[in-house]
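**Q** This is the content of work06.csv (CSV, C-alpha atoms):
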chain,number,residue,atom,x,y,z
A,1,MET,CA,23.0,22.4,-9.7
A,2,THR,CA,23.8,19.6,-7.2
A,3,ALA,CA,21.4,16.7,-7.5
A,4,ARG,CA,19.2,16.0,-4.4
A,5,THR,CA,20.3,12.7,-2.9
A,6,TYR,CA,17.8,10.3,-1.2
A,7,ARG,CA,18.9,7.3,0.9
A,8,ILE,CA,16.5,4.4,0.1
A,9,ALA,CA,16.4,1.1,2.1
A,10,ALA,CA,15.3,-1.7,-0.3
A,11,ILE,CA,13.8,-4.9,1.3
A,12,PRO,CA,12.9,-7.3,-1.5
A,13,ALA,CA,12.1,-10.1,0.9
A,14,ASP,CA,10.1,-13.1,-0.4
A,15,GLY,CA,8.5,-14.7,-3.5
A,16,ILE,CA,8.2,-12.2,-6.4
A,17,GLY,CA,9.4,-9.4,-4.1
A,18,PRO,CA,13.0,-9.5,-5.4
A,19,GLU,CA,11.8,-9.6,-9.0
A,20,VAL,CA,9.5,-6.6,-8.7
A,21,ILE,CA,11.8,-4.5,-6.5
A,22,ALA,CA,14.7,-5.0,-9.0
A,23,ALA,CA,12.3,-3.8,-11.7
A,24,GLY,CA,11.3,-0.8,-9.6
A,25,LEU,CA,14.8,0.2,-8.8
A,26,GLU,CA,15.8,-0.1,-12.5
A,27,VAL,CA,13.0,2.2,-13.5
A,28,LEU,CA,13.8,4.7,-10.7
A,29,GLU,CA,17.5,4.8,-11.9
A,30,VAL,CA,16.4,5.5,-15.5
A,31,LEU,CA,14.0,8.2,-14.2
A,32,ALA,CA,16.8,9.8,-12.0
A,33,ARG,CA,19.1,10.0,-15.0
A,34,ARG,CA,16.5,11.6,-17.2
A,35,ASP,CA,15.4,14.0,-14.6
A,36,GLY,CA,18.9,15.0,-13.4
A,37,GLY,CA,17.6,16.7,-10.3
A,38,PHE,CA,17.8,13.8,-7.9
A,39,ARG,CA,19.6,10.6,-7.3
A,40,LEU,CA,19.1,7.6,-5.1
A,41,GLU,CA,21.5,5.8,-2.8
A,42,VAL,CA,20.1,2.3,-2.4
A,43,THR,CA,21.0,0.0,0.4
A,44,GLU,CA,19.5,-3.5,0.1
A,45,PHE,CA,18.7,-5.7,3.1
A,46,ASP,CA,18.3,-9.5,2.9
A,47,TRP,CA,15.6,-9.6,5.5
A,48,GLY,CA,12.8,-12.1,4.9
A,49,SER,CA,12.0,-15.8,5.1
A,50,ALA,CA,15.4,-17.0,3.9
A,51,ARG,CA,17.0,-15.2,6.7
A,52,TYR,CA,14.5,-16.7,9.1
A,53,ARG,CA,15.4,-20.2,8.0
A,54,ARG,CA,19.1,-19.4,8.6
A,55,THR,CA,18.9,-17.4,11.8
A,56,GLY,CA,15.5,-17.8,13.3
A,57,ALA,CA,14.6,-14.1,12.7
A,58,LEU,CA,13.3,-12.3,9.6
A,59,MET,CA,15.3,-9.2,10.5
A,60,PRO,CA,18.0,-8.3,13.2
A,61,GLY,CA,16.9,-7.0,16.5
A,62,ASP,CA,18.1,-3.5,15.7
A,63,GLY,CA,16.4,-3.6,12.3
A,64,VAL,CA,14.0,-0.8,12.9
A,65,ALA,CA,16.7,1.4,14.4
A,66,ARG,CA,18.8,0.8,11.3
A,67,LEU,CA,16.0,2.0,9.0
A,68,ARG,CA,15.6,5.3,10.8
A,69,GLY,CA,18.6,6.8,8.9
A,70,PHE,CA,16.9,6.4,5.5
A,71,ASP,CA,14.7,8.8,3.6
A,72,ALA,CA,12.3,6.1,2.5
A,73,ILE,CA,11.9,2.3,2.4
A,74,LEU,CA,10.9,0.3,-0.7
A,75,PHE,CA,9.5,-3.1,0.4
A,76,GLY,CA,8.7,-6.1,-1.7
A,77,ALA,CA,6.6,-8.8,-0.1
A,78,VAL,CA,6.8,-11.1,2.9
A,79,GLY,CA,5.5,-14.7,3.2
A,80,ALA,CA,6.6,-18.2,2.4
A,81,PRO,CA,4.7,-21.5,2.1
A,82,ASP,CA,6.9,-23.2,4.7
A,83,VAL,CA,6.7,-20.4,7.3
A,84,PRO,CA,3.5,-19.6,9.1
A,85,ASP,CA,1.9,-16.3,7.9
A,86,HIS,CA,1.7,-14.8,11.4
A,87,VAL,CA,5.4,-15.4,11.9
A,88,THR,CA,6.4,-13.6,8.7
A,89,LEU,CA,4.0,-10.7,9.1
A,90,TRP,CA,4.9,-10.1,12.8
A,91,GLY,CA,8.5,-10.8,12.1
A,92,LEU,CA,9.1,-8.1,9.5
A,93,ARG,CA,6.4,-5.8,8.1
A,94,LEU,CA,4.4,-5.1,11.2
A,95,PRO,CA,7.4,-4.3,13.4
A,96,ILE,CA,8.6,-1.8,10.8
A,97,CYS,CA,5.2,-0.1,10.4
A,98,GLN,CA,4.5,0.0,14.1
A,99,GLY,CA,8.1,0.7,15.2
A,100,LEU,CA,8.3,3.7,12.9
A,101,ASP,CA,4.7,4.7,13.6
A,102,GLN,CA,3.7,4.7,10.0
A,103,TYR,CA,0.1,5.1,11.1
A,104,ALA,CA,-1.5,6.0,7.7
A,105,ASN,CA,-1.6,3.3,5.1
A,106,ILE,CA,-2.6,4.9,1.8
A,107,ARG,CA,-3.9,2.8,-1.0
A,108,PRO,CA,-5.0,4.6,-4.2
A,109,THR,CA,-7.1,2.6,-6.7
A,110,ARG,CA,-8.0,3.5,-10.3
A,111,ILE,CA,-8.3,1.6,-13.5
A,112,LEU,CA,-5.3,2.2,-15.7
A,113,PRO,CA,-5.6,2.5,-19.5
A,114,GLY,CA,-5.5,-0.8,-21.2
A,115,ILE,CA,-6.5,-2.8,-18.1
A,116,ALA,CA,-10.1,-4.1,-17.8
A,117,SER,CA,-12.2,-4.1,-14.7
A,118,PRO,CA,-14.3,-7.1,-14.0
A,119,LEU,CA,-17.2,-4.6,-13.5
A,120,ALA,CA,-19.4,-4.3,-16.5
A,121,GLY,CA,-19.4,-0.8,-18.0
A,122,ILE,CA,-16.7,0.5,-15.7
A,123,GLY,CA,-13.4,1.9,-17.2
A,124,PRO,CA,-10.7,4.4,-16.6
A,125,GLY,CA,-12.2,7.5,-14.9
A,126,ASP,CA,-15.1,5.6,-13.4
A,127,LEU,CA,-13.3,4.2,-10.5
A,128,ASP,CA,-10.9,6.6,-8.7
A,129,TRP,CA,-10.5,5.9,-5.0
A,130,VAL,CA,-8.1,6.4,-2.2
A,131,ILE,CA,-8.4,4.1,0.8
A,132,VAL,CA,-6.9,5.4,4.1
A,133,ARG,CA,-6.2,2.5,6.4
A,134,GLU,CA,-5.4,3.0,10.1
A,135,ASN,CA,-2.1,1.2,10.3
A,136,SER,CA,-1.0,1.2,14.0
A,137,GLU,CA,-3.7,-0.2,16.2
A,138,GLY,CA,-7.2,-1.6,15.9
A,139,GLU,CA,-7.6,-5.3,15.1
A,140,TYR,CA,-3.9,-5.7,14.4
A,141,SER,CA,-2.6,-4.4,17.7
A,142,GLY,CA,-1.3,-7.8,18.7
A,143,ILE,CA,-3.1,-7.8,22.0
A,144,GLY,CA,-4.5,-11.1,23.2
A,145,GLY,CA,-3.4,-14.6,23.9
A,146,ARG,CA,-4.2,-18.3,24.2
A,147,ALA,CA,-4.7,-20.5,27.2
A,148,HIS,CA,-5.3,-24.2,27.9
A,149,ARG,CA,-3.8,-25.1,24.5
A,150,GLY,CA,-5.1,-28.4,23.1
A,151,LEU,CA,-7.7,-28.9,25.8
A,152,PRO,CA,-11.5,-28.7,25.3
A,153,ALA,CA,-11.5,-25.5,27.3
A,154,GLU,CA,-8.8,-23.8,25.1
A,155,VAL,CA,-9.5,-20.1,24.7
A,156,ALA,CA,-8.0,-17.5,22.3
A,157,THR,CA,-8.5,-13.7,22.5
A,158,GLU,CA,-7.8,-11.1,19.9
A,159,VAL,CA,-8.4,-7.6,21.3
A,160,ALA,CA,-9.0,-4.6,19.0
A,161,ILE,CA,-7.5,-1.5,20.5
A,162,PHE,CA,-8.8,1.9,19.5
A,163,THR,CA,-7.4,5.0,21.2
A,164,ARG,CA,-8.8,8.5,20.9
A,165,GLU,CA,-5.4,9.7,19.7
A,166,GLY,CA,-5.1,7.0,17.1
A,167,VAL,CA,-8.5,7.4,15.7
A,168,THR,CA,-8.3,11.2,15.7
A,169,ARG,CA,-5.0,11.4,13.8
A,170,ILE,CA,-6.1,9.0,11.1
A,171,MET,CA,-9.4,10.7,10.7
A,172,ARG,CA,-7.7,14.1,10.3
A,173,HIS,CA,-5.3,12.7,7.7
A,174,ALA,CA,-8.3,11.2,5.8
A,175,PHE,CA,-10.2,14.5,5.9
A,176,ARG,CA,-7.1,16.4,4.7
A,177,LEU,CA,-6.6,14.0,1.9
A,178,ALA,CA,-10.3,14.2,0.9
A,179,GLN,CA,-10.1,18.0,1.0
A,180,SER,CA,-7.2,17.9,-1.4
A,181,ARG,CA,-9.1,15.9,-4.0
A,182,PRO,CA,-11.5,17.4,-6.5
A,183,ARG,CA,-14.7,15.8,-5.1
A,184,LYS,CA,-13.9,16.5,-1.4
A,185,LEU,CA,-15.9,13.4,-0.4
A,186,LEU,CA,-15.1,11.1,2.5
A,187,SER,CA,-16.7,7.8,3.5
A,188,VAL,CA,-16.1,6.7,7.1
A,189,VAL,CA,-16.4,2.9,7.3
A,190,THR,CA,-17.2,1.2,10.6
A,191,LYS,CA,-19.3,-1.7,11.9
A,192,SER,CA,-20.9,0.4,14.7
A,193,ASN,CA,-24.2,-1.3,14.6
A,194,ALA,CA,-22.6,-4.5,16.0
A,195,GLN,CA,-19.4,-3.3,17.5
A,196,ARG,CA,-20.8,-0.8,20.0
A,197,HIS,CA,-17.7,0.4,21.7
A,198,GLY,CA,-14.7,1.0,19.5
A,199,MET,CA,-16.7,1.5,16.3
A,200,VAL,CA,-19.1,3.9,17.9
A,201,MET,CA,-16.1,5.9,19.1
A,202,TRP,CA,-14.9,6.0,15.5
A,203,ASP,CA,-18.2,7.5,14.4
A,204,GLU,CA,-18.2,10.0,17.2
A,205,ILE,CA,-14.6,11.1,16.5
A,206,ALA,CA,-15.4,11.4,12.8
A,207,ALA,CA,-18.2,13.8,13.5
A,208,GLU,CA,-15.8,15.9,15.8
A,209,VAL,CA,-13.1,16.0,13.2
A,210,ALA,CA,-15.5,16.8,10.4
A,211,ALA,CA,-16.3,20.1,12.0
A,212,GLU,CA,-12.7,21.1,11.2
A,213,PHE,CA,-13.2,20.5,7.5
A,214,PRO,CA,-16.5,22.2,6.5
A,215,GLN,CA,-15.5,21.9,2.8
A,216,VAL,CA,-15.6,18.1,2.9
A,217,SER,CA,-18.8,16.2,2.5
A,218,TRP,CA,-18.7,13.0,4.5
A,219,GLU,CA,-20.8,10.0,5.4
A,220,ARG,CA,-20.9,6.9,7.6
A,221,VAL,CA,-21.0,3.6,5.9
A,222,LEU,CA,-21.1,0.1,7.4
A,223,VAL,CA,-18.4,-2.1,6.1
A,224,ASP,CA,-20.7,-4.8,4.7
A,225,ALA,CA,-22.7,-2.2,2.9
A,226,MET,CA,-19.4,-0.7,1.6
A,227,THR,CA,-18.5,-4.0,-0.1
A,228,VAL,CA,-21.8,-3.9,-2.0
A,229,ARG,CA,-21.4,-0.3,-3.0
A,230,MET,CA,-17.9,-0.7,-4.3
A,231,VAL,CA,-19.2,-3.3,-6.7
A,232,LYS,CA,-22.6,-1.9,-7.5
A,233,ASP,CA,-21.9,1.9,-7.5
A,234,PRO,CA,-18.2,2.6,-7.7
A,235,ARG,CA,-18.7,6.1,-9.1
A,236,SER,CA,-20.3,7.2,-5.8
A,237,LEU,CA,-17.0,6.8,-3.9
A,238,ASP,CA,-13.9,8.8,-3.6
A,239,THR,CA,-11.9,8.8,-0.3
A,240,ILE,CA,-12.5,6.0,2.2
A,241,VAL,CA,-11.2,5.7,5.7
A,242,ALA,CA,-11.5,2.5,7.8
A,243,THR,CA,-9.9,0.5,10.5
A,244,ASN,CA,-6.8,-1.7,10.1
A,245,LEU,CA,-8.8,-4.9,9.4
A,246,HIS,CA,-11.6,-3.4,7.4
A,247,ALA,CA,-9.4,-1.3,5.1
A,248,ASP,CA,-7.1,-4.3,4.6
A,249,ILE,CA,-10.0,-6.3,3.2
A,250,LEU,CA,-11.6,-3.4,1.3
A,251,SER,CA,-8.4,-2.5,-0.4
A,252,ASP,CA,-7.9,-6.0,-1.8
A,253,LEU,CA,-11.4,-5.9,-3.2
A,254,ALA,CA,-10.6,-2.5,-4.7
A,255,GLY,CA,-7.4,-3.9,-6.3
A,256,ALA,CA,-9.4,-6.7,-7.8
A,257,LEU,CA,-12.1,-4.3,-9.1
A,258,ALA,CA,-9.3,-2.3,-10.8
A,259,GLY,CA,-8.2,-5.3,-12.7
A,260,SER,CA,-5.5,-7.0,-10.5
A,261,LEU,CA,-3.6,-6.8,-7.3
A,262,GLY,CA,-0.6,-6.7,-9.6
A,263,VAL,CA,-1.4,-3.0,-10.2
A,264,ALA,CA,-2.2,-2.0,-6.6
A,265,PRO,CA,0.3,0.2,-4.7
A,266,THR,CA,0.5,1.3,-1.1
A,267,GLY,CA,2.4,3.6,1.2
A,268,ASN,CA,2.8,3.2,4.9
A,269,ILE,CA,3.1,6.8,5.8
A,270,ASP,CA,4.3,8.8,8.8
A,271,PRO,CA,2.5,12.1,8.0
A,272,GLU,CA,4.6,13.9,10.5
A,273,ARG,CA,7.8,12.7,8.9
A,274,ARG,CA,9.5,11.8,12.1
A,275,ALA,CA,10.8,8.6,10.5
A,276,PRO,CA,11.0,7.2,7.0
A,277,SER,CA,7.8,5.9,5.3
A,278,MET,CA,7.6,2.5,3.7
A,279,PHE,CA,6.2,1.9,0.2
A,280,GLU,CA,5.1,-1.5,-1.1
A,281,PRO,CA,3.0,-3.2,-3.7
A,282,ILE,CA,0.1,-5.0,-2.0
A,283,HIS,CA,0.1,-8.2,-4.1
A,284,GLY,CA,2.0,-10.3,-1.6
A,285,SER,CA,4.8,-12.8,-2.3
A,286,ALA,CA,2.8,-14.9,-4.9
A,287,PHE,CA,5.1,-17.9,-4.6
A,288,ASP,CA,3.0,-19.7,-7.3
A,289,ILE,CA,4.6,-17.5,-10.0
A,290,ALA,CA,7.9,-16.6,-8.3
A,291,GLY,CA,10.8,-17.1,-10.7
A,292,LYS,CA,8.7,-17.4,-13.8
A,293,GLY,CA,9.4,-13.9,-15.0
A,294,ILE,CA,5.7,-13.0,-15.3
A,295,ALA,CA,5.2,-11.0,-12.1
A,296,ASN,CA,3.4,-7.7,-12.8
A,297,PRO,CA,5.8,-4.8,-11.9
A,298,VAL,CA,3.2,-2.1,-12.4
A,299,ALA,CA,2.2,-2.1,-8.7
A,300,THR,CA,5.8,-1.5,-7.8
A,301,PHE,CA,6.2,1.2,-10.4
A,302,TRP,CA,3.1,3.0,-9.0
A,303,THR,CA,4.4,2.4,-5.5
A,304,ALA,CA,7.8,4.0,-6.5
A,305,SER,CA,5.8,7.0,-7.9
A,306,MET,CA,4.1,7.4,-4.5
A,307,MET,CA,7.6,7.3,-2.9
A,308,LEU,CA,8.9,10.0,-5.2
A,309,GLU,CA,5.9,12.2,-4.5
A,310,HIS,CA,6.4,11.7,-0.7
A,311,LEU,CA,10.1,12.7,-1.1
A,312,GLY,CA,9.0,15.9,-2.9
A,313,GLU,CA,9.8,14.8,-6.5
A,314,ALA,CA,6.3,15.4,-7.8
A,315,ASP,CA,7.3,16.0,-11.4
A,316,ALA,CA,9.3,12.7,-11.6
A,317,ALA,CA,6.5,10.9,-9.9
A,318,ALA,CA,4.0,12.1,-12.5
A,319,ARG,CA,6.4,11.3,-15.3
A,320,LEU,CA,6.7,7.7,-14.1
A,321,MET,CA,2.9,7.3,-13.9
A,322,ARG,CA,2.6,8.7,-17.4
A,323,ALA,CA,5.1,6.1,-18.7
A,324,VAL,CA,3.2,3.3,-16.9
A,325,GLU,CA,-0.1,4.4,-18.3
A,326,ARG,CA,1.3,4.7,-21.8
A,327,VAL,CA,2.8,1.2,-21.7
A,328,CYS,CA,-0.4,-0.3,-20.3
A,329,ALA,CA,-2.5,1.5,-23.0
A,330,GLU,CA,-0.2,0.0,-25.6
A,331,GLY,CA,-1.0,-3.5,-24.4
A,332,VAL,CA,2.3,-4.4,-22.9
A,333,THR,CA,0.9,-6.1,-19.8
A,334,THR,CA,1.5,-9.3,-17.9
A,335,PRO,CA,-0.8,-12.4,-17.8
A,336,ASP,CA,-2.6,-11.4,-14.6
A,337,VAL,CA,-4.3,-8.5,-16.5
A,338,GLY,CA,-4.8,-10.5,-19.7
A,339,GLY,CA,-1.5,-9.7,-21.4
A,340,ARG,CA,1.4,-11.8,-22.6
A,341,ALA,CA,4.4,-9.7,-21.6
A,342,THR,CA,7.0,-10.7,-19.1
A,343,THR,CA,8.2,-8.7,-16.2
A,344,ARG,CA,11.3,-7.9,-18.2
A,345,GLU,CA,9.3,-6.7,-21.2
A,346,VAL,CA,7.1,-4.4,-19.2
A,347,THR,CA,10.1,-3.0,-17.4
A,348,ASP,CA,11.9,-2.4,-20.6
A,349,ALA,CA,8.9,-0.7,-22.1
A,350,VAL,CA,8.5,1.7,-19.2
A,351,CYS,CA,12.2,2.5,-19.2
A,352,GLU,CA,12.0,3.3,-22.9
A,353,ALA,CA,9.0,5.5,-22.4
A,354,ILE,CA,10.9,7.5,-19.8
A,355,ARG,CA,14.1,7.7,-21.9
A,356,GLY,CA,12.3,8.6,-25.1
A,357,GLY,CA,10.6,11.6,-23.6
A,358,ASN,CA,7.2,10.1,-24.1
A,359,ALA,CA,6.3,10.4,-20.5
Rewrite the structure from the file as structure tokens, please.

**A**
Amino acid sequence: MTARTYRIAAIPADGIGPEVIAAGLEVLEVLARRDGGFRLEVTEFDWGSARYRRTGALMPGDGVARLRGFDAILFGAVGAPDVPDHVTLWGLRLPICQGLDQYANIRPTRILPGIASPLAGIGPGDLDWVIVRENSEGEYSGIGGRAHRGLPAEVATEVAIFTREGVTRIMRHAFRLAQSRPRKLLSVVTKSNAQRHGMVMWDEIAAEVAAEFPQVSWERVLVDAMTVRMVKDPRSLDTIVATNLHADILSDLAGALAGSLGVAPTGNIDPERRAPSMFEPIHGSAFDIAGKGIANPVATFWTASMMLEHLGEADAAARLMRAVERVCAEGVTTPDVGGRATTREVTDAVCEAIRGGNA
């Protein structure tokens, strides 16, 4: 039988990105050899802040077009202390997400074995969420501007754009995802008491789409109330959908409640598969630990599992997560989650779990 071949674009980018992407690709290669049914053809791109310093651009002008020929994108992290954050974000990650219309940002959260939550009495099985973030418009549309710079009358505007098409499609994706999960429960997060235009439209469209999914129980929750509920009553939540900004913030809180952003994955998905989707750990470039060999690769491994599942390799994806959970349960973890292992040691342990048939 001929192995299925997938073309993967790897963009390690900045900080700990190269370290964790290298670990992720190593684990994927071991997994492909053990599975035998697929192989990966990886092309690495040197896009990021180092390129910006050399050329004035984080990626070439035809970068998005070049990515269209791949089956998936594995992304590290972007951001550097000497480059403004809005330059790095709008110079690399957002142009890819928006240019390829990866409108659904999917962020699963659960507590892995061997990793402690800061929440008292909460362990594996008690916190199992998927946050669906609208990834193409909203507060990160980039619409706005500044005038009269440096003068007392200086003004800056940041306009949140919500379209019926954009809200409807992310709402349908969230309802479908909730329907596929055992609890069939969806929380729609807005701030419609204060934001009476775009957020009220979100609520109205949620009610319209809900009629298409009678099996799904759903509720409206204000974003500030959601932060309290995530901390005080995590067992009451399952699938959550929110705007670009709200879900960005909530998912970082979710990662922290699960033990560390170092174990938090994400996928920037085009559900219609018109273009490749992009998968990335959400921990950021973490320049304070870059080069020290202690970056947690678990988020990247989980991210790689999401990528495999998206590509149709569900068995391999599940095998990778079993290996990760086994290694974490055995206490082979990095300092961010209370362990003493290095990136190399965690990677070796996961590779061995895969090779040894223990996953």

**Q** Would you kindly return, as a list of chain:residue names, each protein, DNA or RNA residue with an atom no farther than 8 Å from any atom of range 349-355 of chain A, considering all atoms listed in the file and excluding same-chain residues fewer than 3 positions away?

**A**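 The residues that qualify are A:Val27, A:Val30, A:Leu31, A:Arg34, A:Arg319, A:Leu320, A:Ala323, A:Val324, A:Arg326, A:Val327, A:Val332, A:Glu345, A:Val346, A:Asn358, A:Ala359.
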
**Q** Which residues are near Gly259 in chain A? Cut-off 7 Å, only C-alpha atoms, ignore same chain within fewer than 4 positions. Put them as JSON, numbers by chain.

**A** {"A": [111, 115, 116, 117, 118, 255, 337]}

**Q** Range 103-122 of chain A near range 234-247 of chain A within 9 Å: what's each residue's closest atom pair and its distance in Å to one decimal, counting all atoms listed in the file, ordered by chain then ascending residue number, as CSV?

**A**
residue,atom,partner,partner_atom,distance
A:Asn105,CA,A:Asn244,CA,8.8
A:Pro108,CA,A:Thr239,CA,9.0
A:Ile122,CA,A:Pro234,CA,8.4

**Q** Could you please take those selected residues and save C-alpha atoms as a PDB file, in the frame of the given file?

**A**
ATOM      1  CA  ASN A 105      -1.600   3.300   5.100  1.00  0.00           C
ATOM      2  CA  PRO A 108      -5.000   4.600  -4.200  1.00  0.00           C
ATOM      3  CA  ILE A 122     -16.700   0.500 -15.700  1.00  0.00           C
TER       4      ILE A 122
END

**Q** Closest to Pro214 in chain A among A:Phe279, A:Trp202, A:Trp129, A:Phe175, using only C-alpha atoms?

**A**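 Checking each of A:Phe279, A:Trp202, A:Trp129, A:Phe175 against Pro214 in chain A, counting only C-alpha atoms, the winner is A:Phe175.
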
**Q** Pick the closest to Leu186 in chain A from A:Gln215, A:Ser141, A:Ser251, A:Thr333: which is it, counting only C-alpha atoms?

**A**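 With only C-alpha atoms as the atom set, the closest residue is A:Gln215.
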
**Q** Fewer than 6 positions away in the same chain doesn't count, so skip those; otherwise give me all residues within 10 Å of Glu26 in chain A, counting only C-alpha atoms, as a count of residues only.

**A** 6

**Q** Restricting the calculation to all atoms listed in the file, which member of A:Gly262, A:Gly79, A:Gly267, A:Pro281 is positioned closest to Ile294 in chain A?

**A**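 Between A:Gly262, A:Gly79, A:Gly267, A:Pro281, the residue approaching Ile294 in chain A most closely is A:Gly262.
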
**Q** Select, from A:Arg172, A:Arg181, A:Arg146, A:Arg68, the residue with the minimum atom-to-atom distance to Met278 in chain A, counting only C-alpha atoms.

**A**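 When distances to Met278 in chain A are compared using only C-alpha atoms, the smallest one comes from A:Arg68.
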
**Q** Measure the distance from CA of Asp248 in chain A to CA of Val189 in chain A in Å and round it to one decimal.

**A**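 Between these atoms lies a distance of 12.1 Å.
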
**Q** Please determine, counting only C-alpha atoms, which residue among A:Arg344, A:His283, A:Lys232, A:Arg164 has the shortest atom-to-atom distance to Val78 in chain A.

**A**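 Answer, going by the shortest atom-to-atom distance: A:His283.
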
**Q** Which residue out of A:Arg340, A:His197, A:Lys191, A:Arg107 has the minimum interatomic distance to Arg220 in chain A when all atoms listed in the file are used?

**A**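 Between A:Arg340, A:His197, A:Lys191, A:Arg107, the residue approaching Arg220 in chain A most closely is A:Lys191.
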
**Q** Could you jot down the CA of Arg133 in chain A to CA of Ala160 in chain A separation for me, Å, one decimal place?

**A** 14.7 Å

**Q** At a cut-off of 12 Å, using all atoms listed in the file, what residues contact Leu28 in chain A? Leave out same-chain residues fewer than 3 positions from it and give the result as a PyMOL selection string.

**A** chain A and resi 6+8+21-25+31-36+38-42+74+300-308+313+316-317+319-321+323+347+350-351+354-355

**Q** Just the number, please: distance in Å from CA of Val231 in chain A to CA of Gly76 in chain A, one decimal.

**A**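 If I compute the distance from CA of Val231 in chain A to CA of Gly76 in chain A, I get 28.5 Å.
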
**Q** Please, can range 262-279 of chain A be completed to N, CA and C atoms and returned as a PDB file, in the frame of the given file?

**A**
ATOM      1  N   GLY A 262      -1.936  -6.964  -8.953  1.00  0.00           N
ATOM      2  CA  GLY A 262      -0.600  -6.700  -9.600  1.00  0.00           C
ATOM      3  C   GLY A 262      -0.440  -5.248  -9.977  1.00  0.00           C
ATOM      4  N   VAL A 263      -1.503  -4.438  -9.913  1.00  0.00           N
ATOM      5  CA  VAL A 263      -1.400  -3.000 -10.200  1.00  0.00           C
ATOM      6  C   VAL A 263      -1.691  -2.143  -9.016  1.00  0.00           C
ATOM      7  N   ALA A 264      -1.735  -2.745  -7.825  1.00  0.00           N
ATOM      8  CA  ALA A 264      -2.200  -2.000  -6.600  1.00  0.00           C
ATOM      9  C   ALA A 264      -1.003  -1.602  -5.751  1.00  0.00           C
ATOM     10  N   PRO A 265      -0.819  -0.299  -5.527  1.00  0.00           N
ATOM     11  CA  PRO A 265       0.300   0.200  -4.700  1.00  0.00           C
ATOM     12  C   PRO A 265      -0.168   0.542  -3.288  1.00  0.00           C
ATOM     13  N   THR A 266       0.793   0.797  -2.423  1.00  0.00           N
ATOM     14  CA  THR A 266       0.500   1.300  -1.100  1.00  0.00           C
ATOM     15  C   THR A 266       1.649   2.048  -0.509  1.00  0.00           C
ATOM     16  N   GLY A 267       1.345   2.962   0.397  1.00  0.00           N
ATOM     17  CA  GLY A 267       2.400   3.600   1.200  1.00  0.00           C
ATOM     18  C   GLY A 267       2.030   3.558   2.646  1.00  0.00           C
ATOM     19  N   ASN A 268       2.994   3.119   3.460  1.00  0.00           N
ATOM     20  CA  ASN A 268       2.800   3.200   4.900  1.00  0.00           C
ATOM     21  C   ASN A 268       3.500   4.461   5.375  1.00  0.00           C
ATOM     22  N   ILE A 269       2.676   5.436   5.716  1.00  0.00           N
ATOM     23  CA  ILE A 269       3.100   6.800   5.800  1.00  0.00           C
ATOM     24  C   ILE A 269       3.172   7.274   7.302  1.00  0.00           C
ATOM     25  N   ASP A 270       4.248   7.976   7.631  1.00  0.00           N
ATOM     26  CA  ASP A 270       4.300   8.800   8.800  1.00  0.00           C
ATOM     27  C   ASP A 270       4.037  10.230   8.391  1.00  0.00           C
ATOM     28  N   PRO A 271       2.813  10.724   8.482  1.00  0.00           N
ATOM     29  CA  PRO A 271       2.500  12.100   8.000  1.00  0.00           C
ATOM     30  C   PRO A 271       3.349  13.166   8.633  1.00  0.00           C
ATOM     31  N   GLU A 272       3.794  12.938   9.858  1.00  0.00           N
ATOM     32  CA  GLU A 272       4.600  13.900  10.500  1.00  0.00           C
ATOM     33  C   GLU A 272       6.080  13.873  10.157  1.00  0.00           C
ATOM     34  N   ARG A 273       6.458  12.862   9.372  1.00  0.00           N
ATOM     35  CA  ARG A 273       7.800  12.700   8.900  1.00  0.00           C
ATOM     36  C   ARG A 273       8.875  12.640   9.973  1.00  0.00           C
ATOM     37  N   ARG A 274       8.530  11.993  11.063  1.00  0.00           N
ATOM     38  CA  ARG A 274       9.500  11.800  12.100  1.00  0.00           C
ATOM     39  C   ARG A 274      10.427  10.612  11.800  1.00  0.00           C
ATOM     40  N   ALA A 275      10.004   9.766  10.883  1.00  0.00           N
ATOM     41  CA  ALA A 275      10.800   8.600  10.500  1.00  0.00           C
ATOM     42  C   ALA A 275      10.460   8.295   9.028  1.00  0.00           C
ATOM     43  N   PRO A 276      11.256   7.453   8.381  1.00  0.00           N
ATOM     44  CA  PRO A 276      11.000   7.200   7.000  1.00  0.00           C
ATOM     45  C   PRO A 276       9.673   6.404   6.796  1.00  0.00           C
ATOM     46  N   SER A 277       9.003   6.685   5.705  1.00  0.00           N
ATOM     47  CA  SER A 277       7.800   5.900   5.300  1.00  0.00           C
ATOM     48  C   SER A 277       8.196   4.768   4.452  1.00  0.00           C
ATOM     49  N   MET A 278       7.328   3.765   4.392  1.00  0.00           N
ATOM     50  CA  MET A 278       7.600   2.500   3.700  1.00  0.00           C
ATOM     51  C   MET A 278       6.590   2.327   2.551  1.00  0.00           C
ATOM     52  N   PHE A 279       7.079   2.019   1.365  1.00  0.00           N
ATOM     53  CA  PHE A 279       6.200   1.900   0.200  1.00  0.00           C
ATOM     54  C   PHE A 279       6.311   0.468  -0.345  1.00  0.00           C
TER      55      PHE A 279
END
